[in-house]
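Note: the block below is input01.pdb and it holds PDB, C-alpha atoms, pLDDT in the B column.
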```pdb
ATOM      1  CA  MET A   4     147.100 144.381  96.035  1.00 92.00           C
ATOM      2  CA  GLN A   5     144.914 142.164  93.891  1.00 95.00           C
ATOM      3  CA  THR A   6     142.513 143.716  91.409  1.00 97.00           C
ATOM      4  CA  ILE A   7     139.359 141.854  90.441  1.00 97.00           C
ATOM      5  CA  ILE A   8     137.813 142.682  87.060  1.00 98.00           C
ATOM      6  CA  LEU A   9     134.026 142.407  86.838  1.00 98.00           C
ATOM      7  CA  PRO A  10     133.114 142.586  83.131  1.00 97.00           C
ATOM      8  CA  GLY A  11     129.886 143.409  81.372  1.00 95.00           C
ATOM      9  CA  PHE A  12     127.143 140.822  80.814  1.00 94.00           C
ATOM     10  CA  SER A  13     127.855 139.805  77.207  1.00 92.00           C
ATOM     11  CA  SER A  14     130.558 137.222  76.507  1.00 90.00           C
ATOM     12  CA  LYS A  15     132.215 139.755  74.186  1.00 92.00           C
ATOM     13  CA  ASN A  16     133.356 141.458  77.401  1.00 94.00           C
ATOM     14  CA  LYS A  17     135.670 138.528  78.080  1.00 95.00           C
ATOM     15  CA  SER A  18     138.224 139.797  75.563  1.00 95.00           C
ATOM     16  CA  TRP A  19     137.955 143.337  77.004  1.00 96.00           C
ATOM     17  CA  ALA A  20     138.601 141.993  80.499  1.00 97.00           C
ATOM     18  CA  GLU A  21     141.582 139.910  79.361  1.00 96.00           C
ATOM     19  CA  GLU A  22     143.097 142.896  77.528  1.00 96.00           C
ATOM     20  CA  ILE A  23     142.736 145.049  80.645  1.00 97.00           C
ATOM     21  CA  LYS A  24     144.184 142.256  82.783  1.00 97.00           C
ATOM     22  CA  ASP A  25     147.246 141.992  80.522  1.00 96.00           C
ATOM     23  CA  VAL A  26     148.101 145.625  81.266  1.00 95.00           C
ATOM     24  CA  LEU A  27     147.166 145.652  84.955  1.00 95.00           C
ATOM     25  CA  ALA A  28     148.997 142.399  85.670  1.00 93.00           C
ATOM     26  CA  LEU A  29     152.291 144.113  84.822  1.00 92.00           C
ATOM     27  CA  THR A  30     152.052 145.978  88.152  1.00 92.00           C
ATOM     28  CA  ASN A  31     149.201 144.339  90.127  1.00 89.00           C
ATOM     29  CA  PRO A  32     148.004 140.762  90.578  1.00 95.00           C
ATOM     30  CA  THR A  33     144.768 140.724  88.581  1.00 96.00           C
ATOM     31  CA  THR A  34     141.896 138.253  88.238  1.00 96.00           C
ATOM     32  CA  VAL A  35     139.076 138.323  85.710  1.00 97.00           C
ATOM     33  CA  VAL A  36     135.719 136.972  86.858  1.00 96.00           C
ATOM     34  CA  ASN A  37     134.267 134.915  84.030  1.00 94.00           C
ATOM     35  CA  TRP A  38     130.495 134.856  84.374  1.00 93.00           C
ATOM     36  CA  THR A  39     129.042 131.371  84.538  1.00 91.00           C
ATOM     37  CA  HIS A  40     126.506 132.112  81.790  1.00 91.00           C
ATOM     38  CA  TRP A  41     129.375 132.646  79.349  1.00 92.00           C
ATOM     39  CA  GLU A  42     130.143 128.937  79.677  1.00 88.00           C
ATOM     40  CA  THR A  43     126.643 127.521  80.057  1.00 87.00           C
ATOM     41  CA  GLY A  44     124.875 129.776  77.568  1.00 86.00           C
ATOM     42  CA  GLU A  45     122.027 130.219  80.050  1.00 87.00           C
ATOM     43  CA  THR A  46     121.451 132.819  82.739  1.00 88.00           C
ATOM     44  CA  ALA A  47     120.128 131.435  86.019  1.00 85.00           C
ATOM     45  CA  PRO A  48     117.405 133.541  87.687  1.00 87.00           C
ATOM     46  CA  ASP A  49     119.736 134.209  90.637  1.00 90.00           C
ATOM     47  CA  TRP A  50     122.926 134.500  88.579  1.00 91.00           C
ATOM     48  CA  MET A  51     124.017 137.719  90.280  1.00 92.00           C
ATOM     49  CA  ASN A  52     123.878 136.178  93.750  1.00 93.00           C
ATOM     50  CA  GLN A  53     125.820 133.156  92.513  1.00 93.00           C
ATOM     51  CA  GLU A  54     128.502 135.429  91.054  1.00 94.00           C
ATOM     52  CA  ILE A  55     128.638 137.596  94.194  1.00 95.00           C
ATOM     53  CA  ASN A  56     129.264 134.485  96.288  1.00 94.00           C
ATOM     54  CA  LYS A  57     131.991 133.409  93.865  1.00 94.00           C
ATOM     55  CA  ILE A  58     133.654 136.837  94.169  1.00 96.00           C
ATOM     56  CA  ILE A  59     133.429 136.827  97.966  1.00 95.00           C
ATOM     57  CA  ASP A  60     135.065 133.372  97.994  1.00 94.00           C
ATOM     58  CA  LEU A  61     137.790 134.768  95.752  1.00 93.00           C
ATOM     59  CA  ILE A  62     138.382 137.761  98.032  1.00 93.00           C
ATOM     60  CA  GLN A  63     138.429 135.648 101.224  1.00 90.00           C
ATOM     61  CA  ASP A  64     139.726 138.094 103.834  1.00 91.00           C
ATOM     62  CA  LYS A  65     142.217 140.051 101.720  1.00 94.00           C
ATOM     63  CA  PRO A  66     141.730 143.689 100.642  1.00 96.00           C
ATOM     64  CA  VAL A  67     141.166 144.066  96.882  1.00 97.00           C
ATOM     65  CA  ASN A  68     140.523 146.652  94.197  1.00 97.00           C
ATOM     66  CA  LEU A  69     137.466 146.273  91.970  1.00 98.00           C
ATOM     67  CA  LEU A  70     137.394 147.301  88.315  1.00 98.00           C
ATOM     68  CA  ALA A  71     133.898 146.937  86.907  1.00 98.00           C
ATOM     69  CA  LYS A  72     132.221 147.552  83.572  1.00 98.00           C
ATOM     70  CA  SER A  73     128.496 147.815  82.810  1.00 97.00           C
ATOM     71  CA  ILE A  74     126.486 145.209  84.777  1.00 96.00           C
ATOM     72  CA  GLY A  75     129.722 144.466  86.619  1.00 97.00           C
ATOM     73  CA  THR A  76     129.303 147.863  88.321  1.00 98.00           C
ATOM     74  CA  LEU A  77     126.032 146.687  89.866  1.00 97.00           C
ATOM     75  CA  ILE A  78     127.664 143.477  91.065  1.00 97.00           C
ATOM     76  CA  ALA A  79     130.560 145.533  92.473  1.00 98.00           C
ATOM     77  CA  MET A  80     128.058 147.504  94.558  1.00 97.00           C
ATOM     78  CA  MET A  81     126.595 144.279  95.945  1.00 96.00           C
ATOM     79  CA  VAL A  82     130.073 142.975  96.810  1.00 97.00           C
ATOM     80  CA  LEU A  83     130.909 146.320  98.440  1.00 97.00           C
ATOM     81  CA  GLU A  84     127.759 146.085 100.553  1.00 95.00           C
ATOM     82  CA  LYS A  85     128.742 142.613 101.799  1.00 95.00           C
ATOM     83  CA  LYS A  86     132.488 143.251 102.287  1.00 95.00           C
ATOM     84  CA  PRO A  87     133.020 147.028 102.690  1.00 95.00           C
ATOM     85  CA  ALA A  88     136.157 146.689 104.831  1.00 95.00           C
ATOM     86  CA  LEU A  89     137.906 144.617 102.152  1.00 96.00           C
ATOM     87  CA  ILE A  90     137.362 146.930  99.176  1.00 97.00           C
ATOM     88  CA  ASN A  91     140.303 149.286  98.729  1.00 97.00           C
ATOM     89  CA  LYS A  92     139.598 151.133  95.468  1.00 97.00           C
ATOM     90  CA  ILE A  93     136.831 150.943  92.891  1.00 98.00           C
ATOM     91  CA  ILE A  94     136.954 151.894  89.223  1.00 98.00           C
ATOM     92  CA  LEU A  95     133.572 151.913  87.509  1.00 98.00           C
ATOM     93  CA  CYS A  96     133.110 152.263  83.770  1.00 98.00           C
ATOM     94  CA  GLY A  97     130.062 152.237  81.579  1.00 97.00           C
ATOM     95  CA  ILE A  98     127.433 152.360  84.321  1.00 98.00           C
ATOM     96  CA  PRO A  99     124.310 151.206  82.427  1.00 97.00           C
ATOM     97  CA  VAL A 100     121.789 153.628  83.947  1.00 96.00           C
ATOM     98  CA  LEU A 101     119.458 153.276  80.933  1.00 96.00           C
ATOM     99  CA  ASP A 102     119.287 149.501  81.452  1.00 95.00           C
ATOM    100  CA  PHE A 103     118.528 149.469  85.176  1.00 94.00           C
ATOM    101  CA  HIS A 104     115.685 147.280  86.347  1.00 91.00           C
ATOM    102  CA  SER A 105     113.470 148.594  89.113  1.00 92.00           C
ATOM    103  CA  GLY A 106     115.528 148.837  92.290  1.00 91.00           C
ATOM    104  CA  ASP A 107     118.969 148.532  90.672  1.00 94.00           C
ATOM    105  CA  GLU A 108     119.723 152.192  91.336  1.00 94.00           C
ATOM    106  CA  LYS A 109     119.321 151.593  95.093  1.00 95.00           C
ATOM    107  CA  GLN A 110     122.345 149.272  95.077  1.00 95.00           C
ATOM    108  CA  TYR A 111     124.587 152.250  94.302  1.00 97.00           C
ATOM    109  CA  LYS A 112     123.509 154.068  97.495  1.00 96.00           C
ATOM    110  CA  ILE A 113     126.380 152.255  99.262  1.00 96.00           C
ATOM    111  CA  LEU A 114     128.609 154.876  97.602  1.00 96.00           C
ATOM    112  CA  LYS A 115     127.340 157.421 100.133  1.00 95.00           C
ATOM    113  CA  THR A 116     129.515 155.752 102.765  1.00 94.00           C
ATOM    114  CA  PHE A 117     132.482 154.651 100.629  1.00 96.00           C
ATOM    115  CA  PRO A 118     135.383 157.171 100.635  1.00 96.00           C
ATOM    116  CA  SER A 119     135.001 159.273  97.481  1.00 94.00           C
ATOM    117  CA  ASP A 120     138.782 159.514  97.041  1.00 95.00           C
ATOM    118  CA  LYS A 121     138.868 155.735  96.517  1.00 96.00           C
ATOM    119  CA  ILE A 122     136.358 155.622  93.684  1.00 96.00           C
ATOM    120  CA  ILE A 123     136.447 156.890  90.143  1.00 97.00           C
ATOM    121  CA  CYS A 124     134.081 156.465  87.241  1.00 98.00           C
ATOM    122  CA  PHE A 125     134.843 156.528  83.522  1.00 98.00           C
ATOM    123  CA  GLN A 126     131.834 157.175  81.322  1.00 98.00           C
ATOM    124  CA  ASN A 127     131.859 157.685  77.581  1.00 98.00           C
ATOM    125  CA  GLU A 128     130.249 160.943  76.544  1.00 97.00           C
ATOM    126  CA  SER A 129     127.576 159.262  74.420  1.00 97.00           C
ATOM    127  CA  ASP A 130     127.502 155.700  75.792  1.00 97.00           C
ATOM    128  CA  ASN A 131     124.254 154.138  74.521  1.00 96.00           C
ATOM    129  CA  HIS A 132     123.673 152.510  77.945  1.00 97.00           C
ATOM    130  CA  GLY A 133     123.985 155.847  79.749  1.00 97.00           C
ATOM    131  CA  SER A 134     125.673 159.053  78.668  1.00 97.00           C
ATOM    132  CA  TYR A 135     128.257 160.881  80.727  1.00 98.00           C
ATOM    133  CA  TYR A 136     125.613 163.465  81.628  1.00 97.00           C
ATOM    134  CA  GLU A 137     123.103 160.825  82.794  1.00 97.00           C
ATOM    135  CA  VAL A 138     125.696 158.975  84.875  1.00 98.00           C
ATOM    136  CA  GLU A 139     127.090 162.185  86.351  1.00 97.00           C
ATOM    137  CA  LYS A 140     123.601 163.244  87.417  1.00 97.00           C
ATOM    138  CA  PHE A 141     122.923 159.794  88.903  1.00 97.00           C
ATOM    139  CA  LEU A 142     126.207 159.396  90.824  1.00 97.00           C
ATOM    140  CA  HIS A 143     126.326 162.963  92.040  1.00 97.00           C
ATOM    141  CA  SER A 144     122.813 162.577  93.454  1.00 97.00           C
ATOM    142  CA  ILE A 145     124.337 159.868  95.672  1.00 97.00           C
ATOM    143  CA  ASN A 146     127.715 161.456  96.383  1.00 96.00           C
ATOM    144  CA  PRO A 147     128.705 164.760  94.723  1.00 96.00           C
ATOM    145  CA  ALA A 148     132.377 164.129  95.529  1.00 97.00           C
ATOM    146  CA  ILE A 149     132.720 161.092  93.231  1.00 97.00           C
ATOM    147  CA  LYS A 150     135.082 161.875  90.364  1.00 97.00           C
ATOM    148  CA  ILE A 151     133.632 161.060  86.954  1.00 97.00           C
ATOM    149  CA  ILE A 152     135.831 161.218  83.876  1.00 97.00           C
ATOM    150  CA  SER A 153     134.147 161.890  80.549  1.00 97.00           C
ATOM    151  CA  LYS A 154     135.613 160.128  77.538  1.00 97.00           C
ATOM    152  CA  PRO A 155     134.919 161.283  73.961  1.00 96.00           C
ATOM    153  CA  ARG A 156     133.394 158.083  72.619  1.00 96.00           C
ATOM    154  CA  SER A 157     129.882 157.196  71.482  1.00 95.00           C
ATOM    155  CA  ASP A 158     129.946 153.505  72.374  1.00 96.00           C
ATOM    156  CA  HIS A 159     130.070 151.160  75.367  1.00 96.00           C
ATOM    157  CA  GLU A 160     133.756 150.270  74.977  1.00 96.00           C
ATOM    158  CA  TYR A 161     136.259 151.192  77.690  1.00 97.00           C
ATOM    159  CA  PRO A 162     139.809 150.579  76.416  1.00 96.00           C
ATOM    160  CA  TYR A 163     141.498 152.663  79.104  1.00 96.00           C
ATOM    161  CA  ALA A 164     143.832 150.062  80.607  1.00 95.00           C
ATOM    162  CA  GLU A 165     146.759 152.457  81.020  1.00 94.00           C
ATOM    163  CA  GLU A 166     144.638 154.955  82.922  1.00 94.00           C
ATOM    164  CA  PHE A 167     143.144 152.197  85.084  1.00 95.00           C
ATOM    165  CA  SER A 168     146.640 150.983  85.893  1.00 93.00           C
ATOM    166  CA  ASP A 169     147.811 154.480  86.845  1.00 92.00           C
ATOM    167  CA  LEU A 170     144.898 154.830  89.265  1.00 91.00           C
ATOM    168  CA  LEU A 171     145.519 151.520  90.988  1.00 90.00           C
TER
END
```

Structure re-expressed in structure tokens:
Amino acid sequence: MQTIILPGFSSKNKSWAEEIKDVLALTNPTTVVNWTHWETGETAPDWMNQEINKIIDLIQDKPVNLLAKSIGTLIAMMVLEKKPALINKIILCGIPVLDFHSGDEKQYKILKTFPSDKIICFQNESDNHGSYYEVEKFLHSINPAIKIISKPRSDHEYPYAEEFSDLL
């Protein structure tokens, strides 16, 4: 089954996504979504909707796994809302709860209806965009059955390709 990687906002996430893809592609077909603003240098006001449409076109009518980091987790929720029957498993990492704009948190409510055994979250203990504790509190307020794995890092890096691969 194909896995689609939805990276973080910054173009530095491109190398992270490619490194993860290199490992996942050994056992699963894997595609990295390159955000348009990485190429253009400018973020369109409706960039998220443009990217969601691009992802939905990529999915077509085939079931996929989503692996998302940072802002990619928000986009994953929007894709899940539009195509719930086509999302097999979801791995979230680095949910940026401290960077949410008003209303962003509501997008994650879709996780109430998604099977909790098909979702897992990795959150670094002291991630500067949202600590493990903050993300655990947030996700468990939506669905207490979601598994959240704490990692002993104090940054927003998620180099856990082997673990991601094992879960897919």

>> Since I can't run it myself right now, could you work out what the PyMOL selection byres ((chain A and resi 160) around 12) selects here and report it as an MDAnalysis selection string?
In response: chainID A and resid 10:11 15:16 18:20 23 72:73 96:98 125:132 154:159 161:164

Residues of the last selection are to be written out with C-alpha atoms, as a short mmCIF file (atom, residue, chain, number, x, y, z; two decimals), in the coordinates of the input.
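File out18.cif, as written:
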```
data_model
loop_
_atom_site.label_atom_id
_atom_site.label_comp_id
_atom_site.auth_asym_id
_atom_site.auth_seq_id
_atom_site.Cartn_x
_atom_site.Cartn_y
_atom_site.Cartn_z
CA PRO A 10 133.11 142.59 83.13
CA GLY A 11 129.89 143.41 81.37
CA LYS A 15 132.22 139.76 74.19
CA ASN A 16 133.36 141.46 77.40
CA SER A 18 138.22 139.80 75.56
CA TRP A 19 137.96 143.34 77.00
CA ALA A 20 138.60 141.99 80.50
CA ILE A 23 142.74 145.05 80.64
CA LYS A 72 132.22 147.55 83.57
CA SER A 73 128.50 147.82 82.81
CA CYS A 96 133.11 152.26 83.77
CA GLY A 97 130.06 152.24 81.58
CA ILE A 98 127.43 152.36 84.32
CA PHE A 125 134.84 156.53 83.52
CA GLN A 126 131.83 157.18 81.32
CA ASN A 127 131.86 157.68 77.58
CA GLU A 128 130.25 160.94 76.54
CA SER A 129 127.58 159.26 74.42
CA ASP A 130 127.50 155.70 75.79
CA ASN A 131 124.25 154.14 74.52
CA HIS A 132 123.67 152.51 77.94
CA LYS A 154 135.61 160.13 77.54
CA PRO A 155 134.92 161.28 73.96
CA ARG A 156 133.39 158.08 72.62
CA SER A 157 129.88 157.20 71.48
CA ASP A 158 129.95 153.50 72.37
CA HIS A 159 130.07 151.16 75.37
CA TYR A 161 136.26 151.19 77.69
CA PRO A 162 139.81 150.58 76.42
CA TYR A 163 141.50 152.66 79.10
CA ALA A 164 143.83 150.06 80.61
#
```

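Between atom CA of Ile59 of chain A and atom CA of Thr43 of chain A there is a distance of 21.3 Å.
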
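The smallest atom-to-atom distance between Leu171 of chain A and any of A:Thr76, A:Asn91, A:Thr46, A:Gln63, using all atoms listed in the file, is found for A:Asn91.
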
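Nearest residue to Ser144 of chain A, choosing from A:Ile8, A:Phe117, A:Glu108, A:Ser168 and counting only C-alpha atoms: A:Glu108.
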
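One finds atom CA of Lys92 of chain A at 29.3 Å from atom CA of Ala47 of chain A.
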
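Taking atom CA of His40 of chain A and atom CA of Ala79 of chain A as endpoints, the distance between them is 17.6 Å.
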
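Here the question is which of A:Ile74, A:Phe12, A:Glu165, A:Val82 gets nearest to Lys24 of chain A using all atoms listed in the file, and that residue is A:Glu165.
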